[in-house]
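Chemist: Structure file run-v7.pdb, PDB, C-alpha atoms and all ligand atoms, is pasted below:
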ATOM      1  CA  MET S   1     130.695  95.392  94.869  1.00  0.00           C
ATOM      2  CA  LEU S   2     128.140  93.184  93.212  1.00  0.00           C
ATOM      3  CA  ILE S   3     129.350  91.631  89.941  1.00  0.00           C
ATOM      4  CA  SER S   4     126.617  90.143  87.796  1.00  0.00           C
ATOM      5  CA  HIS S   5     128.921  88.350  85.372  1.00  0.00           C
ATOM      6  CA  ALA S   6     132.419  88.145  83.939  1.00  0.00           C
ATOM      7  CA  HIS S   7     132.291  90.534  81.021  1.00  0.00           C
ATOM      8  CA  LEU S   8     134.829  93.350  81.142  1.00  0.00           C
ATOM      9  CA  ASP S   9     132.212  96.076  80.941  1.00  0.00           C
ATOM     10  CA  HIS S  10     130.905  94.716  84.239  1.00  0.00           C
ATOM     11  CA  TYR S  11     134.075  93.975  86.201  1.00  0.00           C
ATOM     12  CA  GLY S  12     136.893  95.628  84.228  1.00  0.00           C
ATOM     13  CA  LEU S  13     137.435  98.474  86.714  1.00  0.00           C
ATOM     14  CA  VAL S  14     137.279  96.310  89.821  1.00  0.00           C
ATOM     15  CA  ASP S  15     140.968  96.940  90.490  1.00  0.00           C
ATOM     16  CA  GLN S  16     140.224 100.689  90.722  1.00  0.00           C
ATOM     17  CA  VAL S  17     138.247 100.123  93.899  1.00  0.00           C
ATOM     18  CA  SER S  18     139.834  99.692  97.326  1.00  0.00           C
ATOM     19  CA  PRO S  19     140.586  96.041  98.056  1.00  0.00           C
ATOM     20  CA  ARG S  20     138.802  96.606 101.368  1.00  0.00           C
ATOM     21  CA  VAL S  21     135.521  96.688  99.450  1.00  0.00           C
ATOM     22  CA  PRO S  22     134.205  93.138  99.339  1.00  0.00           C
ATOM     23  CA  VAL S  23     133.391  91.711  95.926  1.00  0.00           C
ATOM     24  CA  TYR S  24     130.608  89.246  95.236  1.00  0.00           C
ATOM     25  CA  ALA S  25     130.325  87.277  92.014  1.00  0.00           C
ATOM     26  CA  GLY S  26     129.500  83.856  90.702  1.00  0.00           C
ATOM     27  CA  ARG S  27     131.979  81.170  91.708  1.00  0.00           C
ATOM     28  CA  ASP S  28     132.380  79.898  88.169  1.00  0.00           C
ATOM     29  CA  ALA S  29     132.534  83.428  86.786  1.00  0.00           C
ATOM     30  CA  ALA S  30     135.424  84.199  89.122  1.00  0.00           C
ATOM     31  CA  ALA S  31     137.113  80.967  88.065  1.00  0.00           C
ATOM     32  CA  VAL S  32     136.780  81.927  84.390  1.00  0.00           C
ATOM     33  CA  VAL S  33     138.370  85.321  85.061  1.00  0.00           C
ATOM     34  CA  GLU S  34     141.167  83.639  87.000  1.00  0.00           C
ATOM     35  CA  ALA S  35     141.817  81.182  84.173  1.00  0.00           C
ATOM     36  CA  ALA S  36     141.714  83.985  81.587  1.00  0.00           C
ATOM     37  CA  SER S  37     144.322  86.005  83.500  1.00  0.00           C
ATOM     38  CA  PHE S  38     146.904  83.791  81.794  1.00  0.00           C
ATOM     39  CA  PHE S  39     146.034  85.585  78.548  1.00  0.00           C
ATOM     40  CA  ASN S  40     145.854  89.050  80.065  1.00  0.00           C
ATOM     41  CA  ALA S  41     148.238  89.275  83.008  1.00  0.00           C
ATOM     42  CA  SER S  42     147.593  93.000  83.481  1.00  0.00           C
ATOM     43  CA  GLY S  43     143.826  92.558  83.588  1.00  0.00           C
ATOM     44  CA  PRO S  44     141.840  92.639  86.791  1.00  0.00           C
ATOM     45  CA  VAL S  45     140.958  89.469  88.622  1.00  0.00           C
ATOM     46  CA  LEU S  46     138.091  88.831  90.957  1.00  0.00           C
ATOM     47  CA  ALA S  47     138.790  87.867  94.543  1.00  0.00           C
ATOM     48  CA  PRO S  48     135.247  87.462  95.813  1.00  0.00           C
ATOM     49  CA  ALA S  49     134.414  87.589  99.480  1.00  0.00           C
ATOM     50  CA  GLY S  50     131.343  85.568  98.621  1.00  0.00           C
ATOM     51  CA  TYR S  51     129.710  83.831  95.713  1.00  0.00           C
ATOM     52  CA  TRP S  52     126.320  83.974  94.107  1.00  0.00           C
ATOM     53  CA  GLU S  53     124.230  80.876  94.124  1.00  0.00           C
ATOM     54  CA  HIS S  54     120.986  80.716  92.176  1.00  0.00           C
ATOM     55  CA  LEU S  55     118.092  81.850  94.390  1.00  0.00           C
ATOM     56  CA  SER S  56     120.234  81.664  97.534  1.00  0.00           C
ATOM     57  CA  PRO S  57     119.995  85.011  99.385  1.00  0.00           C
ATOM     58  CA  THR S  58     123.136  86.742 100.638  1.00  0.00           C
ATOM     59  CA  ARG S  59     122.818  89.202 103.507  1.00  0.00           C
ATOM     60  CA  LEU S  60     125.077  92.271 103.283  1.00  0.00           C
ATOM     61  CA  GLY S  61     124.417  94.792 106.052  1.00  0.00           C
ATOM     62  CA  PRO S  62     120.883  96.098 105.580  1.00  0.00           C
ATOM     63  CA  PHE S  63     120.556  94.471 102.159  1.00  0.00           C
ATOM     64  CA  THR S  64     119.578  91.020 101.045  1.00  0.00           C
ATOM     65  CA  ILE S  65     120.705  90.062  97.551  1.00  0.00           C
ATOM     66  CA  THR S  66     119.052  87.173  95.783  1.00  0.00           C
ATOM     67  CA  PRO S  67     120.808  86.106  92.577  1.00  0.00           C
ATOM     68  CA  HIS S  68     118.873  84.653  89.678  1.00  0.00           C
ATOM     69  CA  LEU S  69     120.933  82.678  87.187  1.00  0.00           C
ATOM     70  CA  VAL S  70     120.228  84.006  83.675  1.00  0.00           C
ATOM     71  CA  ASP S  71     120.887  83.145  80.069  1.00  0.00           C
ATOM     72  CA  HIS S  72     123.808  85.203  78.761  1.00  0.00           C
ATOM     73  CA  SER S  73     126.953  84.687  76.706  1.00  0.00           C
ATOM     74  CA  ALA S  74     129.094  84.916  79.853  1.00  0.00           C
ATOM     75  CA  TYR S  75     129.032  81.748  81.899  1.00  0.00           C
ATOM     76  CA  ASP S  76     127.538  82.005  85.384  1.00  0.00           C
ATOM     77  CA  SER S  77     125.613  85.269  84.863  1.00  0.00           C
ATOM     78  CA  TYR S  78     123.045  86.595  87.301  1.00  0.00           C
ATOM     79  CA  SER S  79     120.280  89.076  87.708  1.00  0.00           C
ATOM     80  CA  LEU S  80     120.236  90.440  91.235  1.00  0.00           C
ATOM     81  CA  VAL S  81     117.188  91.204  93.328  1.00  0.00           C
ATOM     82  CA  ILE S  82     118.143  93.519  96.182  1.00  0.00           C
ATOM     83  CA  ASP S  83     115.919  94.022  99.193  1.00  0.00           C
ATOM     84  CA  GLY S  84     116.553  96.811 101.681  1.00  0.00           C
ATOM     85  CA  GLY S  85     114.539  99.231 103.755  1.00  0.00           C
ATOM     86  CA  GLY S  86     111.305  97.605 102.746  1.00  0.00           C
ATOM     87  CA  ARG S  87     111.948  98.224  99.065  1.00  0.00           C
ATOM     88  CA  ARG S  88     113.025  95.908  96.282  1.00  0.00           C
ATOM     89  CA  LEU S  89     115.277  96.628  93.307  1.00  0.00           C
ATOM     90  CA  MET S  90     115.873  94.212  90.477  1.00  0.00           C
ATOM     91  CA  TYR S  91     119.036  94.619  88.430  1.00  0.00           C
ATOM     92  CA  THR S  92     118.797  92.471  85.326  1.00  0.00           C
ATOM     93  CA  GLY S  93     122.478  92.385  84.430  1.00  0.00           C
ATOM     94  CA  ASP S  94     122.956  91.291  80.845  1.00  0.00           C
ATOM     95  CA  LEU S  95     120.532  88.625  79.801  1.00  0.00           C
ATOM     96  CA  ARG S  96     119.023  87.123  76.726  1.00  0.00           C
ATOM     97  CA  GLY S  97     116.304  84.681  75.814  1.00  0.00           C
ATOM     98  CA  HIS S  98     117.794  82.868  72.861  1.00  0.00           C
ATOM     99  CA  GLY S  99     120.812  81.075  74.278  1.00  0.00           C
ATOM    100  CA  ARG S 100     121.522  77.651  75.676  1.00  0.00           C
ATOM    101  CA  LYS S 101     119.830  78.567  78.964  1.00  0.00           C
ATOM    102  CA  SER S 102     116.794  80.233  77.418  1.00  0.00           C
ATOM    103  CA  SER S 103     114.561  78.284  79.812  1.00  0.00           C
ATOM    104  CA  LEU S 104     115.859  80.560  82.581  1.00  0.00           C
ATOM    105  CA  PHE S 105     114.634  83.575  80.666  1.00  0.00           C
ATOM    106  CA  ASP S 106     111.280  81.929  80.046  1.00  0.00           C
ATOM    107  CA  ALA S 107     110.972  81.102  83.741  1.00  0.00           C
ATOM    108  CA  MET S 108     111.778  84.681  84.739  1.00  0.00           C
ATOM    109  CA  VAL S 109     109.218  86.083  82.333  1.00  0.00           C
ATOM    110  CA  THR S 110     106.619  83.564  83.453  1.00  0.00           C
ATOM    111  CA  ARG S 111     107.308  83.958  87.169  1.00  0.00           C
ATOM    112  CA  PRO S 112     109.217  87.218  87.685  1.00  0.00           C
ATOM    113  CA  PRO S 113     110.312  88.337  91.135  1.00  0.00           C
ATOM    114  CA  SER S 114     107.299  89.884  92.821  1.00  0.00           C
ATOM    115  CA  ASP S 115     106.789  93.343  94.276  1.00  0.00           C
ATOM    116  CA  VAL S 116     109.770  94.957  92.515  1.00  0.00           C
ATOM    117  CA  ASP S 117     109.836  98.714  93.184  1.00  0.00           C
ATOM    118  CA  VAL S 118     112.666  99.557  90.797  1.00  0.00           C
ATOM    119  CA  LEU S 119     113.746  97.701  87.678  1.00  0.00           C
ATOM    120  CA  LEU S 120     117.292  98.511  86.580  1.00  0.00           C
ATOM    121  CA  MET S 121     117.698  96.971  83.169  1.00  0.00           C
ATOM    122  CA  GLU S 122     120.727  96.674  80.934  1.00  0.00           C
ATOM    123  CA  GLY S 123     120.269  97.866  77.379  1.00  0.00           C
ATOM    124  CA  THR S 124     123.667  97.597  75.751  1.00  0.00           C
ATOM    125  CA  HIS S 125     122.351  96.120  72.540  1.00  0.00           C
ATOM    126  CA  VAL S 126     118.926  97.665  72.323  1.00  0.00           C
ATOM    127  CA  PRO S 127     118.643  98.714  68.673  1.00  0.00           C
ATOM    128  CA  ASP S 128     118.635 102.422  67.930  1.00  0.00           C
ATOM    129  CA  PRO S 129     115.336 103.042  66.140  1.00  0.00           C
ATOM    130  CA  ALA S 130     116.942 105.954  64.295  1.00  0.00           C
ATOM    131  CA  ALA S 131     119.695 103.725  62.930  1.00  0.00           C
ATOM    132  CA  SER S 132     119.242 102.543  59.381  1.00  0.00           C
ATOM    133  CA  ALA S 133     119.869  99.006  58.243  1.00  0.00           C
ATOM    134  CA  VAL S 134     120.485 100.146  54.670  1.00  0.00           C
ATOM    135  CA  ASP S 135     123.858 100.865  53.116  1.00  0.00           C
ATOM    136  CA  PRO S 136     125.535 104.055  54.307  1.00  0.00           C
ATOM    137  CA  THR S 137     125.292 107.181  52.230  1.00  0.00           C
ATOM    138  CA  PRO S 138     128.405 108.555  50.472  1.00  0.00           C
ATOM    139  CA  ALA S 139     128.596 111.253  53.177  1.00  0.00           C
ATOM    140  CA  GLN S 140     128.558 108.575  55.894  1.00  0.00           C
ATOM    141  CA  ARG S 141     131.260 106.663  54.053  1.00  0.00           C
ATOM    142  CA  SER S 142     133.558 109.669  53.786  1.00  0.00           C
ATOM    143  CA  SER S 143     133.051 110.577  57.463  1.00  0.00           C
ATOM    144  CA  ALA S 144     134.242 107.181  58.664  1.00  0.00           C
ATOM    145  CA  SER S 145     137.738 107.714  60.013  1.00  0.00           C
ATOM    146  CA  GLU S 146     140.547 105.226  59.876  1.00  0.00           C
ATOM    147  CA  THR S 147     140.210 104.945  63.651  1.00  0.00           C
ATOM    148  CA  ASP S 148     136.713 103.623  63.143  1.00  0.00           C
ATOM    149  CA  LEU S 149     138.109 100.939  60.918  1.00  0.00           C
ATOM    150  CA  GLU S 150     140.949  99.788  63.140  1.00  0.00           C
ATOM    151  CA  ALA S 151     140.732  96.295  64.423  1.00  0.00           C
ATOM    152  CA  THR S 152     140.089  95.791  68.100  1.00  0.00           C
ATOM    153  CA  PRO S 153     141.974  92.829  69.474  1.00  0.00           C
ATOM    154  CA  PRO S 154     139.683  90.378  71.159  1.00  0.00           C
ATOM    155  CA  THR S 155     139.869  90.255  74.937  1.00  0.00           C
ATOM    156  CA  TRP S 156     138.637  86.935  76.110  1.00  0.00           C
ATOM    157  CA  PRO S 157     136.373  86.315  77.995  1.00  0.00           C
ATOM    158  CA  GLY S 158     135.044  89.847  78.115  1.00  0.00           C
ATOM    159  CA  SER S 159     133.548  92.174  75.599  1.00  0.00           C
ATOM    160  CA  PRO S 160     135.627  94.870  73.930  1.00  0.00           C
ATOM    161  CA  PRO S 161     135.533  98.146  75.820  1.00  0.00           C
ATOM    162  CA  ARG S 162     132.632 100.332  74.772  1.00  0.00           C
ATOM    163  CA  THR S 163     135.004 103.072  73.639  1.00  0.00           C
ATOM    164  CA  ARG S 164     136.295 100.913  70.816  1.00  0.00           C
ATOM    165  CA  ARG S 165     134.481  99.690  67.796  1.00  0.00           C
ATOM    166  CA  PRO S 166     134.875  96.325  66.192  1.00  0.00           C
ATOM    167  CA  ARG S 167     136.300  96.200  62.715  1.00  0.00           C
ATOM    168  CA  ARG S 168     133.821  97.173  60.082  1.00  0.00           C
ATOM    169  CA  PRO S 169     134.021  96.199  56.450  1.00  0.00           C
ATOM    170  CA  ARG S 170     135.278  98.845  54.067  1.00  0.00           C
ATOM    171  CA  TRP S 171     132.417 100.052  51.985  1.00  0.00           C
ATOM    172  CA  GLY S 172     132.723  99.836  48.262  1.00  0.00           C
ATOM    173  CA  THR S 173     135.500  97.267  48.263  1.00  0.00           C
ATOM    174  CA  ARG S 174     135.121  93.910  46.653  1.00  0.00           C
ATOM    175  CA  ARG S 175     136.846  90.733  47.552  1.00  0.00           C
ATOM    176  CA  GLN S 176     139.056  89.257  44.913  1.00  0.00           C
ATOM    177  CA  ALA S 177     139.775  85.598  44.608  1.00  0.00           C
TER     178      ALA S 177
HETATM  179 ZN    ZN S 201     127.634  90.704  79.335  1.00  0.00          ZN
END
Just give me the structure of the file as C-alpha cells.

Modeler:
Amino acid sequence: MLISHAHLDHYGLVDQVSPRVPVYAGRDAAAVVEAASFFNASGPVLAPAGYWEHLSPTRLGPFTITPHLVDHSAYDSYSLVIDGGGRRLMYTGDLRGHGRKSSLFDAMVTRPPSDVDVLLMEGTHVPDPAASAVDPTPAQRSSASETDLEATPPTWPGSPPRTRRPRRPRWGTRRQA
C-alpha cells in the first residue's frame, strides 16, 4: 500500500487491509500520524515497511516507485512515479503550488517526470464550474437540512471525511453584538 501523505482521506482505511500488506509512506508523515494517535486513539496508525525519500527509488516486486516531495498542507507529502512492465504511471497525490514549498511545484512543472504513460491526478478541490459563487436562492436555503449545518469536529492532522460537510453559516442570520 502506497501512502502519498498523512491526510485521512488517503490513509484512513489502512487498518481495513491485512497487516501482511506492506505499507510505504513518508517517514515524517508516519511520525505525525503516530504523534496524532494521542488525540485519536481509535484512529489508524501507519507502520510502514519502508519510507519514501525524495527522488530515491524503491523497488517493490516488478515495480519501481520514485517519490517526489510536493507542496501540500500535509507535511511530508509525495507524488509517486511508478515504473513497471515498461510503462510509467504518475500519481500526483494531493499537491498545490501556493504553499511554503511552492518551489517544489514550480520545479515539477518546469521539469516534470518524463515519458509518463498515465497521469493519475487528484482533484478533490477542483471547482465545480456549475457551482455558483452568489448567494443561494430561497429554494436552496429551504432545502438545506439541519444535518448539512451540523458541525464536524476537526480531526487533526487529517481532513474531515468526505461524507461530512464542514459547518456552513446560516443564511439570513445576522450577528448581534
Ligand atoms: Zn491531502

Chemist: Please write out the residues within 10 Å of ligand ZN 201 (chain S) as a PyMOL selection string, counting only C-alpha atoms and all ligand atoms.

Modeler: chain S and resi 4-11+72-75+77+93-96+122+124+157-159

Chemist: Residues within 8 Å of (128.9, 81.1, 89.7), file coordinates, counting only C-alpha atoms: what are they? Give the list as a list in words.

Modeler: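 Residues lying no farther than 8 Å from the given point: Ala25, Gly26, Arg27, Asp28, Ala29, Ala30, Tyr51, Trp52, Glu53, Tyr75, Asp76 and Ser77 of chain S.
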
Chemist: Hey, what comes out of the PyMOL selection byres (((chain S and resi 112-114) around 10) and not hetatm) on this file? Could you write it as a PyMOL selection string?

Modeler: chain S and resi 66+68+81+88-90+105-111+115-117

Chemist: Generate a file of the selected residues that holds C-alpha atoms, formatted as a tab-separated table (two decimals), in the frame of the given file.

Modeler:
chain	number	residue	atom	x	y	z
S	66	THR	CA	119.05	87.17	95.78
S	68	HIS	CA	118.87	84.65	89.68
S	81	VAL	CA	117.19	91.20	93.33
S	88	ARG	CA	113.02	95.91	96.28
S	89	LEU	CA	115.28	96.63	93.31
S	90	MET	CA	115.87	94.21	90.48
S	105	PHE	CA	114.63	83.58	80.67
S	106	ASP	CA	111.28	81.93	80.05
S	107	ALA	CA	110.97	81.10	83.74
S	108	MET	CA	111.78	84.68	84.74
S	109	VAL	CA	109.22	86.08	82.33
S	110	THR	CA	106.62	83.56	83.45
S	111	ARG	CA	107.31	83.96	87.17
S	115	ASP	CA	106.79	93.34	94.28
S	116	VAL	CA	109.77	94.96	92.52
S	117	ASP	CA	109.84	98.71	93.18

Chemist: How many Å separate CA of Pro129 in chain S from CA of Thr92 in chain S?

Modeler: 22.2 Å

Chemist: I need the residue nearest Pro67 in chain S from this list: S:Val14, S:Leu120, S:Val23, S:Leu2. Use all atoms listed in the file for the distance.

Modeler: S:Leu2

Chemist: Could you tell me how far CA of Arg59 in chain S lies from CA of Gly97 in chain S, in Å and to one decimal?

Modeler: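 For CA of Arg59 in chain S relative to CA of Gly97 in chain S, the distance reads 28.8 Å.
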
Chemist: Taking the file as shown, find all residues satisfying the PyMOL selection byres (((chain S and resi 48) around 6) and not hetatm) and write them as an mmCIF file with C-alpha atoms, in the coordinates of the input.

Modeler:
data_model
loop_
_atom_site.group_PDB
_atom_site.id
_atom_site.type_symbol
_atom_site.label_atom_id
_atom_site.label_comp_id
_atom_site.auth_asym_id
_atom_site.auth_seq_id
_atom_site.Cartn_x
_atom_site.Cartn_y
_atom_site.Cartn_z
ATOM 1 C CA VAL S 23 133.391 91.711 95.926
ATOM 2 C CA TYR S 24 130.608 89.246 95.236
ATOM 3 C CA LEU S 46 138.091 88.831 90.957
ATOM 4 C CA ALA S 47 138.790 87.867 94.543
ATOM 5 C CA ALA S 49 134.414 87.589 99.480
ATOM 6 C CA GLY S 50 131.343 85.568 98.621
#

Chemist: To one decimal place in Å, what is the distance between CA of Ile82 in chain S and CA of Ile3 in chain S?

Modeler: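 About the pair CA of Ile82 in chain S and CA of Ile3 in chain S: they are 13.0 Å apart.
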
Chemist: Would you list the contacts of Leu13 in chain S as a PDB file with C-alpha atoms, in the frame of the given file, taking every protein, DNA or RNA residue within 10 Å and counting all atoms listed in the file, but skipping same-chain residues closer than 6 positions in sequence?

Modeler:
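What landed in selection21.pdb:
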ATOM      1  CA  GLY S  43     143.826  92.558  83.588  1.00  0.00           C
ATOM      2  CA  PRO S  44     141.840  92.639  86.791  1.00  0.00           C
ATOM      3  CA  VAL S  45     140.958  89.469  88.622  1.00  0.00           C
TER       4      VAL S  45
END
